[in-house]
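Structure below is entry34.csv: CSV, C-alpha atoms and all ligand atoms.
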```
chain,number,residue,atom,x,y,z
N,1,MET,CA,0.0,0.0,0.0
N,2,SER,CA,1.3,3.5,-0.8
N,3,ILE,CA,2.5,5.6,2.1
N,4,GLU,CA,-0.2,8.2,1.1
N,5,LYS,CA,-2.9,5.5,1.7
N,6,GLN,CA,-1.3,4.4,5.0
N,7,ILE,CA,-1.2,7.9,6.3
N,8,SER,CA,-4.8,9.0,6.1
N,9,ASP,CA,-4.5,11.7,8.7
N,10,LEU,CA,-1.3,13.8,8.7
N,11,ARG,CA,-2.1,15.5,12.0
N,12,ALA,CA,-2.7,12.2,13.7
N,13,ALA,CA,0.6,10.9,12.3
N,14,GLY,CA,2.3,13.9,14.0
N,15,PHE,CA,3.3,15.8,10.9
N,16,ARG,CA,3.8,19.6,11.3
N,17,MET,CA,5.2,22.3,9.1
N,18,PRO,CA,8.5,23.4,10.7
N,19,GLY,CA,9.7,27.0,10.9
N,20,GLU,CA,12.0,28.1,8.1
N,21,PHE,CA,14.7,28.7,10.8
N,22,GLU,CA,14.7,24.9,11.6
N,23,PRO,CA,17.4,22.7,9.9
N,24,HIS,CA,17.1,22.2,6.1
N,25,GLU,CA,18.3,19.3,3.9
N,26,ALA,CA,18.1,21.4,0.8
N,27,CYS,CA,16.6,24.4,-1.0
N,28,TRP,CA,14.7,24.4,-4.3
N,29,MET,CA,14.6,27.1,-7.0
N,30,ILE,CA,13.3,27.3,-10.5
N,31,TRP,CA,15.2,29.0,-13.4
N,32,PRO,CA,13.6,32.2,-14.8
N,33,GLU,CA,13.1,32.4,-18.6
N,34,ARG,CA,9.8,33.8,-19.7
N,35,PRO,CA,10.3,37.1,-21.6
N,36,ASP,CA,6.9,38.6,-20.6
N,37,VAL,CA,7.9,38.5,-17.0
N,38,TRP,CA,11.8,38.8,-17.1
N,39,ARG,CA,13.3,41.6,-19.1
N,40,LEU,CA,15.9,41.0,-21.8
N,41,GLY,CA,15.0,37.4,-22.2
N,42,GLY,CA,15.6,36.7,-18.6
N,43,ARG,CA,19.4,37.2,-18.5
N,44,PRO,CA,19.6,39.9,-15.7
N,45,ALA,CA,17.2,37.9,-13.6
N,46,GLN,CA,19.2,34.7,-14.2
N,47,GLU,CA,22.3,36.4,-12.9
N,48,ALA,CA,20.4,37.4,-9.7
N,49,PHE,CA,19.0,33.8,-9.3
N,50,ALA,CA,22.5,32.4,-9.7
N,51,ALA,CA,23.8,34.7,-7.0
N,52,VAL,CA,20.9,33.7,-4.6
N,53,ALA,CA,21.6,30.0,-5.3
N,54,GLU,CA,25.3,30.5,-4.6
N,55,ALA,CA,24.6,32.4,-1.3
N,56,ILE,CA,22.2,29.7,-0.1
N,57,ALA,CA,24.6,26.9,-1.1
N,58,HIS,CA,27.1,28.1,1.6
N,59,SER,CA,25.1,26.0,4.0
N,60,GLU,CA,22.7,23.7,2.2
N,61,THR,CA,22.3,21.8,-1.1
N,62,VAL,CA,20.6,23.8,-3.7
N,63,TYR,CA,18.5,22.3,-6.6
N,64,VAL,CA,17.5,24.4,-9.5
N,65,GLY,CA,14.7,23.2,-11.8
N,66,VAL,CA,15.1,24.2,-15.4
N,67,SER,CA,13.4,23.6,-18.7
N,68,ASP,CA,15.2,21.5,-21.3
N,69,ALA,CA,15.6,24.6,-23.5
N,70,GLN,CA,17.5,26.4,-20.8
N,71,TYR,CA,19.4,23.4,-19.4
N,72,GLU,CA,22.8,24.0,-20.9
N,73,HIS,CA,22.7,27.7,-20.4
N,74,ALA,CA,21.6,27.3,-16.7
N,75,ARG,CA,24.3,24.7,-16.1
N,76,GLU,CA,26.9,27.1,-17.4
N,77,MET,CA,25.7,30.1,-15.3
N,78,LEU,CA,25.3,28.2,-12.1
N,79,ALA,CA,28.2,27.1,-9.9
N,80,PRO,CA,29.2,23.4,-10.3
N,81,HIS,CA,28.0,22.5,-6.8
N,82,ILE,CA,24.4,23.7,-7.6
N,83,ARG,CA,22.3,20.7,-8.7
N,84,VAL,CA,20.4,21.4,-11.9
N,85,VAL,CA,17.4,19.1,-12.7
N,86,GLU,CA,14.9,19.3,-15.5
N,87,ILE,CA,11.5,20.5,-14.4
N,88,SER,CA,9.0,22.2,-16.7
N,89,SER,CA,7.1,25.2,-15.2
N,90,ASN,CA,5.3,28.3,-16.3
N,91,ASP,CA,7.5,30.6,-14.2
N,92,SER,CA,10.0,30.5,-11.3
N,93,TRP,CA,8.1,31.1,-8.0
N,94,VAL,CA,8.8,27.8,-6.3
N,95,ARG,CA,7.7,29.2,-2.9
N,96,ASP,CA,4.2,29.2,-4.4
N,97,THR,CA,4.3,26.2,-6.8
N,98,GLY,CA,6.6,23.9,-4.9
N,99,PRO,CA,5.5,21.6,-2.0
N,100,THR,CA,5.1,22.8,1.5
N,101,TYR,CA,7.0,20.2,3.4
N,102,VAL,CA,5.9,18.7,6.7
N,103,ILE,CA,7.8,16.5,9.1
N,104,ASN,CA,7.1,14.3,12.1
N,105,ASP,CA,9.3,13.1,14.9
N,106,ARG,CA,9.5,9.6,13.6
N,107,GLY,CA,11.8,10.9,10.9
N,108,LEU,CA,9.2,11.1,8.1
N,109,ARG,CA,8.7,14.0,5.7
N,110,ALA,CA,5.9,14.6,3.2
N,111,GLY,CA,5.0,17.4,0.7
N,112,ILE,CA,1.7,19.2,0.6
N,113,ASP,CA,0.6,20.0,-2.9
N,114,TRP,CA,-1.8,22.9,-2.8
N,115,GLY,CA,-4.0,24.0,-5.6
N,116,PHE,CA,-2.5,26.7,-7.7
N,117,ASN,CA,-4.2,29.2,-10.0
N,118,ALA,CA,-1.4,31.7,-10.8
N,119,TRP,CA,-2.4,34.1,-8.0
N,120,GLY,CA,-6.1,34.5,-8.9
N,121,GLY,CA,-7.0,32.5,-12.0
N,122,LEU,CA,-9.0,34.3,-14.6
N,123,ASN,CA,-10.0,36.9,-12.0
N,124,GLY,CA,-6.8,38.8,-11.4
N,125,GLY,CA,-4.3,36.1,-11.9
N,126,LEU,CA,-0.9,36.9,-13.4
N,127,TYR,CA,-0.6,34.7,-16.4
N,128,PHE,CA,-2.4,32.0,-18.3
N,129,PRO,CA,-2.0,29.0,-18.6
N,130,TRP,CA,-0.5,27.7,-15.3
N,131,ASP,CA,-0.8,23.9,-16.0
N,132,LYS,CA,2.9,23.2,-15.7
N,133,ASP,CA,3.2,25.1,-12.4
N,134,GLN,CA,0.4,22.8,-11.1
N,135,ARG,CA,2.7,19.8,-11.4
N,136,VAL,CA,5.9,21.3,-9.9
N,137,ALA,CA,5.1,20.2,-6.3
N,138,GLN,CA,4.6,16.5,-7.3
N,139,LYS,CA,7.8,16.6,-9.4
N,140,ILE,CA,9.9,18.0,-6.6
N,141,CYS,CA,8.6,15.5,-4.2
N,142,GLY,CA,9.3,12.8,-6.8
N,143,ILE,CA,13.0,13.9,-6.7
N,144,SER,CA,13.2,14.4,-2.9
N,145,GLY,CA,11.6,11.0,-2.5
N,146,ASP,CA,8.7,12.2,-0.3
N,147,PRO,CA,5.0,11.2,-0.4
N,148,VAL,CA,2.7,14.0,-1.7
N,149,PHE,CA,-0.6,14.9,-0.2
N,150,ARG,CA,-3.0,17.0,-2.3
N,151,ALA,CA,-4.8,19.6,-0.3
N,152,PRO,CA,-8.3,20.8,-1.4
N,153,LEU,CA,-7.6,24.5,-1.5
N,154,ILE,CA,-5.9,27.1,-3.6
N,155,LEU,CA,-2.9,28.3,-1.6
N,156,GLU,CA,0.5,29.7,-2.5
N,157,GLY,CA,3.4,29.0,-0.1
N,158,GLY,CA,4.2,32.7,0.1
N,159,SER,CA,0.8,33.4,1.6
N,160,ILE,CA,1.7,31.6,4.9
N,161,HIS,CA,4.4,31.7,7.5
N,162,VAL,CA,4.6,29.4,10.5
N,163,ASP,CA,6.6,29.3,13.7
N,164,GLY,CA,6.8,25.5,13.7
N,165,GLU,CA,5.0,25.5,17.1
N,166,GLY,CA,1.4,25.7,16.1
N,167,THR,CA,1.1,29.3,14.8
N,168,LEU,CA,0.4,30.4,11.2
N,169,MET,CA,0.4,34.0,10.0
N,170,THR,CA,-1.4,35.0,6.8
N,171,THR,CA,-3.3,38.0,5.2
N,172,GLU,CA,-7.0,38.3,4.7
N,173,GLU,CA,-6.2,40.2,1.4
N,174,CYS,CA,-4.9,37.0,0.0
N,175,LEU,CA,-6.3,33.9,1.7
N,176,LEU,CA,-9.9,35.3,1.9
N,177,ASN,CA,-9.7,36.8,-1.6
N,178,PRO,CA,-12.7,35.5,-3.7
N,179,ASN,CA,-10.2,34.7,-6.5
N,180,ARG,CA,-8.6,31.9,-4.4
N,181,ASN,CA,-11.3,29.8,-2.5
N,182,PRO,CA,-14.6,31.5,-3.1
N,183,ASP,CA,-16.6,28.6,-1.6
N,184,LEU,CA,-14.6,28.3,1.7
N,185,SER,CA,-15.2,30.4,4.8
N,186,ARG,CA,-12.5,31.7,7.0
N,187,GLU,CA,-13.3,28.9,9.5
N,188,GLU,CA,-13.1,26.3,6.8
N,189,ILE,CA,-9.8,27.6,5.6
N,190,GLU,CA,-8.4,27.6,9.2
N,191,SER,CA,-9.6,24.0,9.6
N,192,LEU,CA,-7.8,22.8,6.4
N,193,LEU,CA,-4.6,24.6,7.5
N,194,ALA,CA,-4.9,22.9,10.9
N,195,GLN,CA,-5.4,19.5,9.2
N,196,TYR,CA,-2.5,19.8,6.7
N,197,LEU,CA,0.0,21.8,8.7
N,198,ASN,CA,-0.9,20.9,12.3
N,199,ILE,CA,-1.4,24.5,13.4
N,200,SER,CA,-3.8,25.6,16.1
N,201,LYS,CA,-3.7,29.4,15.8
N,202,VAL,CA,-4.0,31.6,12.8
N,203,ILE,CA,-3.0,35.2,13.0
N,204,TRP,CA,-4.9,37.2,10.3
N,205,ILE,CA,-3.3,40.4,9.1
N,206,GLY,CA,-5.5,42.6,7.0
N,207,ARG,CA,-3.4,43.7,4.1
N,208,GLY,CA,0.0,42.8,2.6
N,209,THR,CA,2.7,45.2,1.2
N,210,PHE,CA,1.3,48.0,-1.0
N,211,ASN,CA,0.7,47.1,-4.6
N,212,ASP,CA,1.8,43.5,-4.2
N,213,GLU,CA,0.6,41.7,-7.3
N,214,THR,CA,0.1,38.5,-5.2
N,215,ASP,CA,-2.8,40.1,-3.4
N,216,GLY,CA,-0.7,40.7,-0.3
N,217,HIS,CA,1.4,37.7,0.4
N,218,ILE,CA,2.6,37.6,4.0
N,219,ASP,CA,6.1,36.7,2.9
N,220,ASN,CA,6.5,40.2,1.6
N,221,LEU,CA,5.2,41.8,4.8
N,222,ALA,CA,6.1,39.8,7.9
N,223,CYS,CA,7.7,36.5,8.9
N,224,PHE,CA,8.6,34.5,12.0
N,225,VAL,CA,12.3,34.7,12.7
N,226,ARG,CA,12.0,32.2,15.6
N,227,PRO,CA,9.1,31.2,17.8
N,228,GLY,CA,7.7,34.3,19.5
N,229,GLU,CA,9.5,36.8,17.2
N,230,VAL,CA,8.4,38.4,14.0
N,231,ALA,CA,10.1,40.7,11.4
N,232,LEU,CA,7.8,43.3,9.9
N,233,HIS,CA,8.1,45.6,6.8
N,234,TRP,CA,7.9,49.0,8.5
N,235,CYS,CA,7.5,52.5,7.0
N,236,ASP,CA,8.0,55.8,8.7
N,237,ASP,CA,6.7,58.1,6.0
N,238,PRO,CA,3.1,59.1,6.7
N,239,ASP,CA,2.6,60.0,3.0
N,240,ASP,CA,3.4,56.5,1.9
N,241,PRO,CA,0.6,54.0,1.6
N,242,GLN,CA,2.8,51.4,3.3
N,243,TYR,CA,2.7,53.5,6.5
N,244,ALA,CA,-0.9,52.6,7.3
N,245,ILE,CA,-0.5,49.0,6.2
N,246,ALA,CA,2.5,48.6,8.5
N,247,ARG,CA,0.7,50.1,11.5
N,248,GLU,CA,-2.4,47.9,11.0
N,249,ALA,CA,-0.1,44.9,10.9
N,250,TYR,CA,1.7,46.1,14.0
N,251,GLU,CA,-1.5,46.6,15.8
N,252,VAL,CA,-2.6,43.0,15.1
N,253,LEU,CA,0.8,41.5,15.9
N,254,SER,CA,1.2,43.4,19.2
N,255,ASN,CA,-2.3,42.5,20.4
N,256,THR,CA,-2.2,38.8,19.8
N,257,CYS,CA,-0.5,35.8,21.2
N,258,ASP,CA,0.8,32.7,19.5
N,259,ALA,CA,-0.4,29.1,19.8
N,260,LYS,CA,1.7,28.7,23.0
N,261,GLY,CA,0.2,31.9,24.5
N,262,ARG,CA,3.3,34.0,24.0
N,263,SER,CA,3.2,37.7,23.1
N,264,LEU,CA,5.2,38.5,20.0
N,265,THR,CA,8.4,40.5,19.8
N,266,ILE,CA,8.2,42.6,16.6
N,267,HIS,CA,11.4,43.6,14.7
N,268,LYS,CA,10.8,46.5,12.3
N,269,LEU,CA,12.7,46.3,9.0
N,270,PRO,CA,13.1,49.6,7.0
N,271,HIS,CA,11.2,50.4,3.9
N,272,PRO,CA,13.2,50.4,0.6
N,273,GLY,CA,12.4,53.2,-1.8
N,274,PRO,CA,9.6,53.8,-2.8
N,275,LEU,CA,10.7,51.9,-5.9
N,276,TYR,CA,9.3,52.2,-9.4
N,277,ILE,CA,9.8,50.4,-12.8
N,278,SER,CA,12.0,52.6,-15.0
N,279,PRO,CA,11.2,53.1,-18.7
N,280,ALA,CA,14.3,51.2,-19.7
N,281,GLU,CA,13.3,48.2,-17.5
N,282,ALA,CA,9.7,48.2,-18.9
N,283,GLY,CA,11.1,48.5,-22.4
N,284,GLY,CA,12.9,45.2,-22.0
N,285,ILE,CA,9.8,43.2,-21.2
N,286,HIS,CA,7.9,41.4,-24.0
N,287,LEU,CA,4.4,42.0,-22.8
N,288,ASN,CA,1.6,39.8,-24.2
N,289,ARG,CA,-2.1,39.6,-23.5
N,290,ASP,CA,-1.8,36.4,-21.4
N,291,SER,CA,0.3,38.0,-18.7
N,292,HIS,CA,0.2,40.8,-16.1
N,293,PRO,CA,1.3,44.1,-17.6
N,294,ARG,CA,4.6,45.6,-16.2
N,295,GLU,CA,4.8,49.3,-17.1
N,296,ALA,CA,7.1,52.2,-16.5
N,297,GLY,CA,6.2,54.2,-13.4
N,298,GLU,CA,4.5,51.3,-11.7
N,299,ARG,CA,5.2,51.1,-7.9
N,300,LEU,CA,7.2,47.9,-7.0
N,301,ALA,CA,6.3,46.0,-3.9
N,302,GLY,CA,9.9,46.0,-2.5
N,303,SER,CA,10.4,44.7,1.0
N,304,TYR,CA,13.4,43.6,3.0
N,305,VAL,CA,11.2,41.0,4.7
N,306,ASN,CA,11.4,38.8,1.6
N,307,PHE,CA,14.5,37.0,2.7
N,308,TYR,CA,15.5,33.3,3.0
N,309,ILE,CA,16.6,31.8,6.2
N,310,GLY,CA,19.2,29.1,5.4
N,311,ASN,CA,21.0,26.7,7.7
N,312,GLN,CA,23.8,29.2,8.5
N,313,VAL,CA,22.9,32.2,6.3
N,314,VAL,CA,20.2,34.7,5.8
N,315,VAL,CA,20.0,35.8,2.2
N,316,PHE,CA,18.3,39.2,1.8
N,317,PRO,CA,17.5,41.5,-1.1
N,318,LEU,CA,19.6,44.5,-1.8
N,319,LEU,CA,17.0,47.0,-3.1
N,320,ASP,CA,17.9,50.5,-2.2
N,321,PRO,CA,21.5,51.8,-1.5
N,322,ALA,CA,20.1,54.3,1.0
N,323,ARG,CA,18.6,51.5,3.1
N,324,ASP,CA,20.4,48.3,2.4
N,325,GLU,CA,23.0,48.7,5.2
N,326,GLU,CA,20.3,49.5,7.7
N,327,ALA,CA,18.4,46.4,6.7
N,328,ARG,CA,21.5,44.3,6.9
N,329,ALA,CA,22.3,45.6,10.4
N,330,CYS,CA,18.8,44.8,11.6
N,331,LEU,CA,18.9,41.3,10.1
N,332,GLN,CA,22.3,40.7,11.7
N,333,ARG,CA,20.9,41.7,15.1
N,334,ILE,CA,17.9,39.4,14.6
N,335,PHE,CA,20.1,36.5,13.4
N,336,PRO,CA,23.4,36.8,15.3
N,337,GLU,CA,24.2,33.2,14.7
N,338,ARG,CA,23.9,33.4,10.9
N,339,GLU,CA,25.9,35.1,8.2
N,340,VAL,CA,23.7,37.8,6.6
N,341,ILE,CA,24.3,38.0,2.8
N,342,GLY,CA,22.8,40.7,0.6
N,343,VAL,CA,22.2,39.9,-3.1
N,344,ASN,CA,21.2,42.5,-5.7
N,345,ALA,CA,17.6,41.6,-6.2
N,346,ARG,CA,16.1,44.4,-8.2
N,347,GLU,CA,15.7,42.1,-11.2
N,348,ILE,CA,13.8,39.6,-9.0
N,349,LEU,CA,11.6,42.4,-7.8
N,350,LEU,CA,10.8,43.4,-11.3
N,351,GLY,CA,9.2,40.0,-11.8
N,352,GLY,CA,6.9,40.7,-8.8
N,353,GLY,CA,8.5,39.0,-5.9
N,354,ASN,CA,11.8,38.4,-4.2
N,355,ILE,CA,14.2,36.0,-2.6
N,356,HIS,CA,11.7,34.2,-0.4
N,357,CYS,CA,9.3,33.8,-3.3
N,358,ILE,CA,11.9,32.1,-5.5
N,359,THR,CA,13.1,29.6,-2.9
N,360,GLN,CA,11.5,26.6,-1.0
N,361,GLN,CA,13.2,24.9,1.8
N,362,GLN,CA,13.2,21.1,2.1
N,363,PRO,CA,13.4,20.6,5.9
N,364,ALA,CA,15.7,17.9,7.4
N,365,ARG,CA,13.8,14.8,8.5
N,401,LIG,O1,5.4,36.3,-2.9
N,401,LIG,C1,5.6,35.3,-3.5
N,401,LIG,N1,5.7,34.2,-2.8
N,401,LIG,C2,5.7,35.2,-5.0
N,401,LIG,C3,5.6,36.4,-5.8
N,401,LIG,C4,5.0,35.9,-7.2
N,401,LIG,C5,5.0,37.0,-8.2
N,401,LIG,C6,4.5,36.5,-9.5
N,401,LIG,N2,4.8,37.4,-10.5
```
In structure tokens, how does this file's structure come out?
Amino acid sequence: MSIEKQISDLRAAGFRMPGEFEPHEACWMIWPERPDVWRLGGRPAQEAFAAVAEAIAHSETVYVGVSDAQYEHAREMLAPHIRVVEISSNDSWVRDTGPTYVINDRGLRAGIDWGFNAWGGLNGGLYFPWDKDQRVAQKICGISGDPVFRAPLILEGGSIHVDGEGTLMTTEECLLNPNRNPDLSREEIESLLAQYLNISKVIWIGRGTFNDETDGHIDNLACFVRPGEVALHWCDDPDDPQYAIAREAYEVLSNTCDAKGRSLTIHKLPHPGPLYISPAEAGGIHLNRDSHPREAGERLAGSYVNFYIGNQVVVFPLLDPARDEEARACLQRIFPEREVIGVNAREILLGGGNIHCITQQQPAR
């Protein structure tokens, strides 16, 4: 009998989603190539992805999924110790299309395969079709050798963060958006999250970062840095729309407690920019009618919270020379035991996300 059939109830079998700060076996990424998302045929973004892979590979194995068409080119651009495997996809946001891994204390690991509709399907989604993306989680689990459990809801990995001890954080803007699960109530969504990830408390934040094309993913606004502690995308400029968003989130986070009854310590990270797409950048994108328009002057949803916590490193986006050092210093204070590495991430941001969105940790068993 397959292991999926033997384990009929993940929670009863003790599976839980660990925090990103817990030990990893590997990290997954997917190579960018589509010219309607990535300018100049993807080359500048590929350089940024290669730098992210290299930084993460300091302390864990990195796999990069790549199409057959790009295989040789990616193999050439990526350092030899990065493992390149052929995986078809519609784009490169493995945080959202890859599996969410769960583990138990009997040394087992499994992947959750959520439904995916390209951040909203035909009602505000970012491209069509997304059929290859829907198969990414199964393919990754096939390579990592883990059973896959299909969960009956549309959910992107970037829309949730957990503390590994029973608490999950998300936004209403995304998870309650009618373009994700119009037939599920807040309570039904909470109950599915409890069933698949073994959490007992959901912290709902109203809105995500301003103008975030994902409908406000939490991974661009706030994350757990360890149990009881959260990093938050802050903004001190009252004229900036991020100002009110950050305060609303602060209000929720400072008036709640986690699944273990702890109050949260909140670390404020500075606000990069504001950042906008330049005419030269917009000019390099081959827009078509099946994908989200990216036009000059559009505000980018830049956030230093969109970092990856590796085994011994934190890899964060360099986005604004006026703020990068402040962000690095904050992160180093938050993670004194890890090396904080900045990577030029403007090209990733131009595609609508950042370092957390293009990575997916495979926790250690
Ligand atoms: O926030 C994320 N996890 C992903 C960003 C996806 C952007 C799609 N263009």
Could you give me, as a Markdown table, every chain N residue with an atom at most 9 Å from ligand LIG 401 (chain N), plus its closest atom pair and distance in Å to one decimal, counting all atoms listed in the file, rows ordered by chain then number?
```
| residue | atom | partner | partner_atom | distance |
| --- | --- | --- | --- | --- |
| N:Val37 | CA | N:LIG401 | N2 | 7.3 |
| N:Asp91 | CA | N:LIG401 | C6 | 8.1 |
| N:Ser92 | CA | N:LIG401 | C6 | 8.3 |
| N:Trp93 | CA | N:LIG401 | C2 | 5.6 |
| N:Val94 | CA | N:LIG401 | N1 | 7.9 |
| N:Arg95 | CA | N:LIG401 | N1 | 5.4 |
| N:Asp96 | CA | N:LIG401 | N1 | 5.5 |
| N:Ala118 | CA | N:LIG401 | C6 | 7.7 |
| N:Trp119 | CA | N:LIG401 | C6 | 7.5 |
| N:Leu126 | CA | N:LIG401 | N2 | 6.4 |
| N:Tyr127 | CA | N:LIG401 | N2 | 8.4 |
| N:Glu156 | CA | N:LIG401 | N1 | 6.9 |
| N:Gly157 | CA | N:LIG401 | N1 | 6.3 |
| N:Gly158 | CA | N:LIG401 | N1 | 3.6 |
| N:Ser159 | CA | N:LIG401 | N1 | 6.6 |
| N:Asp212 | CA | N:LIG401 | O1 | 8.2 |
| N:Glu213 | CA | N:LIG401 | C5 | 6.5 |
| N:Thr214 | CA | N:LIG401 | C4 | 5.9 |
| N:Gly216 | CA | N:LIG401 | O1 | 8.0 |
| N:His217 | CA | N:LIG401 | O1 | 5.4 |
| N:Ile218 | CA | N:LIG401 | O1 | 7.6 |
| N:Asp219 | CA | N:LIG401 | O1 | 5.9 |
| N:Asn220 | CA | N:LIG401 | O1 | 6.1 |
| N:His292 | CA | N:LIG401 | N2 | 8.0 |
| N:Asn306 | CA | N:LIG401 | O1 | 7.9 |
| N:Leu349 | CA | N:LIG401 | C5 | 8.5 |
| N:Leu350 | CA | N:LIG401 | N2 | 8.5 |
| N:Gly351 | CA | N:LIG401 | N2 | 5.3 |
| N:Gly352 | CA | N:LIG401 | C5 | 4.2 |
| N:Gly353 | CA | N:LIG401 | C3 | 3.9 |
| N:Asn354 | CA | N:LIG401 | C3 | 6.7 |
| N:Ile355 | CA | N:LIG401 | C1 | 8.7 |
| N:His356 | CA | N:LIG401 | N1 | 6.5 |
| N:Cys357 | CA | N:LIG401 | N1 | 3.7 |
| N:Ile358 | CA | N:LIG401 | C2 | 6.9 |
| N:Thr359 | CA | N:LIG401 | N1 | 8.7 |
```
Given the selection you just returned, output its residues as a file containing C-alpha atoms, formatted as a PDB file, keeping the file's coordinate frame.
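File produced: part_26.pdb:
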```pdb
ATOM      1  CA  VAL N  37       7.900  38.500 -17.000  1.00  0.00           C
ATOM      2  CA  ASP N  91       7.500  30.600 -14.200  1.00  0.00           C
ATOM      3  CA  SER N  92      10.000  30.500 -11.300  1.00  0.00           C
ATOM      4  CA  TRP N  93       8.100  31.100  -8.000  1.00  0.00           C
ATOM      5  CA  VAL N  94       8.800  27.800  -6.300  1.00  0.00           C
ATOM      6  CA  ARG N  95       7.700  29.200  -2.900  1.00  0.00           C
ATOM      7  CA  ASP N  96       4.200  29.200  -4.400  1.00  0.00           C
ATOM      8  CA  ALA N 118      -1.400  31.700 -10.800  1.00  0.00           C
ATOM      9  CA  TRP N 119      -2.400  34.100  -8.000  1.00  0.00           C
ATOM     10  CA  LEU N 126      -0.900  36.900 -13.400  1.00  0.00           C
ATOM     11  CA  TYR N 127      -0.600  34.700 -16.400  1.00  0.00           C
ATOM     12  CA  GLU N 156       0.500  29.700  -2.500  1.00  0.00           C
ATOM     13  CA  GLY N 157       3.400  29.000  -0.100  1.00  0.00           C
ATOM     14  CA  GLY N 158       4.200  32.700   0.100  1.00  0.00           C
ATOM     15  CA  SER N 159       0.800  33.400   1.600  1.00  0.00           C
ATOM     16  CA  ASP N 212       1.800  43.500  -4.200  1.00  0.00           C
ATOM     17  CA  GLU N 213       0.600  41.700  -7.300  1.00  0.00           C
ATOM     18  CA  THR N 214       0.100  38.500  -5.200  1.00  0.00           C
ATOM     19  CA  GLY N 216      -0.700  40.700  -0.300  1.00  0.00           C
ATOM     20  CA  HIS N 217       1.400  37.700   0.400  1.00  0.00           C
ATOM     21  CA  ILE N 218       2.600  37.600   4.000  1.00  0.00           C
ATOM     22  CA  ASP N 219       6.100  36.700   2.900  1.00  0.00           C
ATOM     23  CA  ASN N 220       6.500  40.200   1.600  1.00  0.00           C
ATOM     24  CA  HIS N 292       0.200  40.800 -16.100  1.00  0.00           C
ATOM     25  CA  ASN N 306      11.400  38.800   1.600  1.00  0.00           C
ATOM     26  CA  LEU N 349      11.600  42.400  -7.800  1.00  0.00           C
ATOM     27  CA  LEU N 350      10.800  43.400 -11.300  1.00  0.00           C
ATOM     28  CA  GLY N 351       9.200  40.000 -11.800  1.00  0.00           C
ATOM     29  CA  GLY N 352       6.900  40.700  -8.800  1.00  0.00           C
ATOM     30  CA  GLY N 353       8.500  39.000  -5.900  1.00  0.00           C
ATOM     31  CA  ASN N 354      11.800  38.400  -4.200  1.00  0.00           C
ATOM     32  CA  ILE N 355      14.200  36.000  -2.600  1.00  0.00           C
ATOM     33  CA  HIS N 356      11.700  34.200  -0.400  1.00  0.00           C
ATOM     34  CA  CYS N 357       9.300  33.800  -3.300  1.00  0.00           C
ATOM     35  CA  ILE N 358      11.900  32.100  -5.500  1.00  0.00           C
ATOM     36  CA  THR N 359      13.100  29.600  -2.900  1.00  0.00           C
TER      37      THR N 359
END
```
Neighbours of stretch 321-334 of chain N within 12 Å (only C-alpha atoms; same-chain residues fewer than 6 positions away dropped), as a ChimeraX atom specification? /N:21,224-226,229-235,265-275,302-309,313-315,340-346
As a compact mmCIF listing (two decimals) with C-alpha atoms, in the frame of the given file, please: the residues near stretch 22-28 of chain N (cut-off 7 Å, only C-alpha atoms, same-chain neighbours under 4 positions excluded).
```
# COMPACT_ATOMS: atom_id res chain seq x y z
CA PRO N 18 8.50 23.40 10.70
CA GLU N 60 22.70 23.70 2.20
CA THR N 61 22.30 21.80 -1.10
CA VAL N 62 20.60 23.80 -3.70
CA TYR N 63 18.50 22.30 -6.60
CA VAL N 64 17.50 24.40 -9.50
CA ASN N 311 21.00 26.70 7.70
CA THR N 359 13.10 29.60 -2.90
CA GLN N 360 11.50 26.60 -1.00
CA GLN N 361 13.20 24.90 1.80
CA GLN N 362 13.20 21.10 2.10
CA PRO N 363 13.40 20.60 5.90
CA ALA N 364 15.70 17.90 7.40
```
Just want the 12 Å neighbourhood of N:Arg16, counted on all atoms listed in the file, with same-chain residues fewer than 4 positions away dropped. Output as a count of residues only. 34
Expressed in Å to a single decimal, how great is the separation between atom CA of N:Asp133 and atom CA of N:Glu72?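 Atom CA of N:Glu72 lies 21.4 Å from atom CA of N:Asp133.
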